[in-house]
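Notes to accompany the following structure.
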Amino acid sequence: MSELISPLASVSPNARLGSNVKIDPFVFVADDVEIGEGTHLHAGAVVLDGARIGRHCNIHSGAVIAGEPQDLKFKGEKTTAVIGDYTNIRECATVNRGTASKGTTIVGSHCLIMAYTHVAHDCVIGDSVIISNASQIAGEVHIDHNAVIGGGSLIHQFCHVGAHVMMQGGSLINKDIPPYIMCGRNPSSYVGINVVGLRRRGFSSEQISLLQEIYRIIFSADLNTTSAITCVEQTIPESELRNEVISFIRASKRGILKGNN
């Protein structure tokens with residue numbers, strides 16, 4: 001056994017391990033598992049059939065990757081849970097594998113999934129997402145890149161959270177959250193543009209001002225969503241940001257959260 005793999009770990013000989021994978025005592029690794037080079041499984045981590053873990057990840061104590069979905073429709077079908085590169089999954093977090101619905105659960109690269117968080121079956125979590133402690137992400141939720149989910153948040157099944165969203169801790173989310181905004185209060189509502197986050201990621205003042213004007217129309221102009229989108233198209237010059245916001249809202253199946261009125 002490699003000196004990087006503790007003799008106190010239970011690692012299936014059928015698991016496919018990259019170079020320099022470090023496995024601490026009391027880790028369990030099942031048969032149908034792939035782990036990329038340089039990944040570290042900390043003491044007590046559990047990696048089950050269907051796990052596909054990328055390079056240079058950290059899977060901390062008590063975390064369970066590719067557990068069976070908590071879905072009564074699941075009939076034992078062969079599915080996966082895919083973790084990207086450089087992702088950090090902290091203590092006692094769980095990432096369930098997919099169901100027949102989509103076949104896989106995906107967590108992107110450079111993510112931080114904090115302690116006691118649950119990512120349910122068939123979710124898609126984009127790159128560089130932070131999900132803070134004890135948040136519960138229901139099945140088939142889609143969270144786009146660079147979103148930050150505050151601690152203790154609950155996100156309803158099938159919701160879509162847009163890119164660069166900043167979500168207040170303890171949020172209860174049952175609607176889609178358009179990109180680039182902050183949401184907070186109870187019930188959850190729009191509270192402004194994620195200005196600090198966007199500046200940190202290189203967005204210009206002009207781009208931020210454009211987003212502020214778009215969302216002023218959508219959330220504060222006393223228009224219904226359809227009329228607000230029409231107004232944005234008629235008054236805001238076409239751009240990649242404008243089109244992204246419009247496309248997100250038009251594609252929403254659950255409707256978007258309320259404004260701050």
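Just remember, in the structure tokens the first chain shown is A, the second B, etc., residues are 1-based per chain, and ligands are 1-based in the order shown.
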Can you list, as a list in words, every protein, DNA or RNA residue that comes within 10 Å of His40 of chain A when you count only C-alpha atoms, leaving out same-chain residues fewer than 2 positions away? Leu4, Ile5, Asn20, Val21, Lys22, Ile23, Asp24, Ile35, Gly36, Glu37, Gly38, His42, Ala43, Ala45, Arg55, His56, Cys57, Asn58, Ile59, His60 and Asn88 of chain A
Residues near Ile149 of chain A, anyone? I mean within 6 Å using only C-alpha atoms, not counting same-chain ones fewer than 5 positions away, as a list in words. Ile131, Ser132 and Met167 of chain A
Restricting it to C-alpha atoms, dump the selection as a PDB file, in the first residue's frame.
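Result written to result-v8.pdb:
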ATOM      1  CA  ILE A 131     -22.132  27.247   0.139  1.00  0.00           C
ATOM      2  CA  SER A 132     -21.829  28.212   3.793  1.00  0.00           C
ATOM      3  CA  MET A 167     -27.531  35.266  -0.499  1.00  0.00           C
TER       4      MET A 167
END
DSSP on the backbone, helix (DSSP H, G or I) only: what residues of segment 45-201 of chain A does that give? Format it as JSON, numbers by chain. {"A": [195, 196, 197, 198, 199, 200]}
Would you kindly return, as a ChimeraX atom specification, each protein, DNA or RNA residue with an atom no farther than 6 Å from any atom of segment 105-118 of chain A, considering only C-alpha atoms and excluding same-chain residues fewer than 5 positions away? /A:81-94,97-98,123-137
Near-Gly103 of chain A list (10 Å; only C-alpha atoms; drop same-chain fewer than 4 positions) as a PyMOL selection string: chain A and resi 77-81+97-99+121-122
For a test of reading the model, state the distance in Å between atom CA of Leu211 of chain A and atom CA of Tyr180 of chain A, rounded to one decimal.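 These two atoms are separated by 7.8 Å.
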Separating atom CA of Ala51 of chain A from atom CA of Ala30 of chain A, to the nearest tenth of an Å, is a gap of 8.8 Å
All strand (DSSP E) residues (DSSP, backbone) inside segment 6-160 of chain A, as a ChimeraX atom specification: /A:10-11,16-17,22-23,28-29,34-35,40-41,46-47,51-53,58-59,64-67,80-83,88-89,94-96,104-107,112-113,118-119,124-125,130-131,136-137,142-143,148-149,154-155,160
Would you mind listing what lies within 9 Å of Leu172 of chain A as a CSV table (one decimal) with C-alpha atoms, in the first residue's frame, with only C-alpha atoms counted and same-chain residues fewer than 5 positions away left out?
chain,number,residue,atom,x,y,z
A,153,SER,CA,-30.0,28.7,3.9
A,154,LEU,CA,-32.7,26.4,2.5
A,155,ILE,CA,-33.2,26.2,-1.3
A,156,HIS,CA,-36.3,24.5,-2.6
A,186,ASN,CA,-37.8,37.4,5.2
A,187,PRO,CA,-39.4,36.5,3.0
A,188,SER,CA,-36.4,36.6,0.7
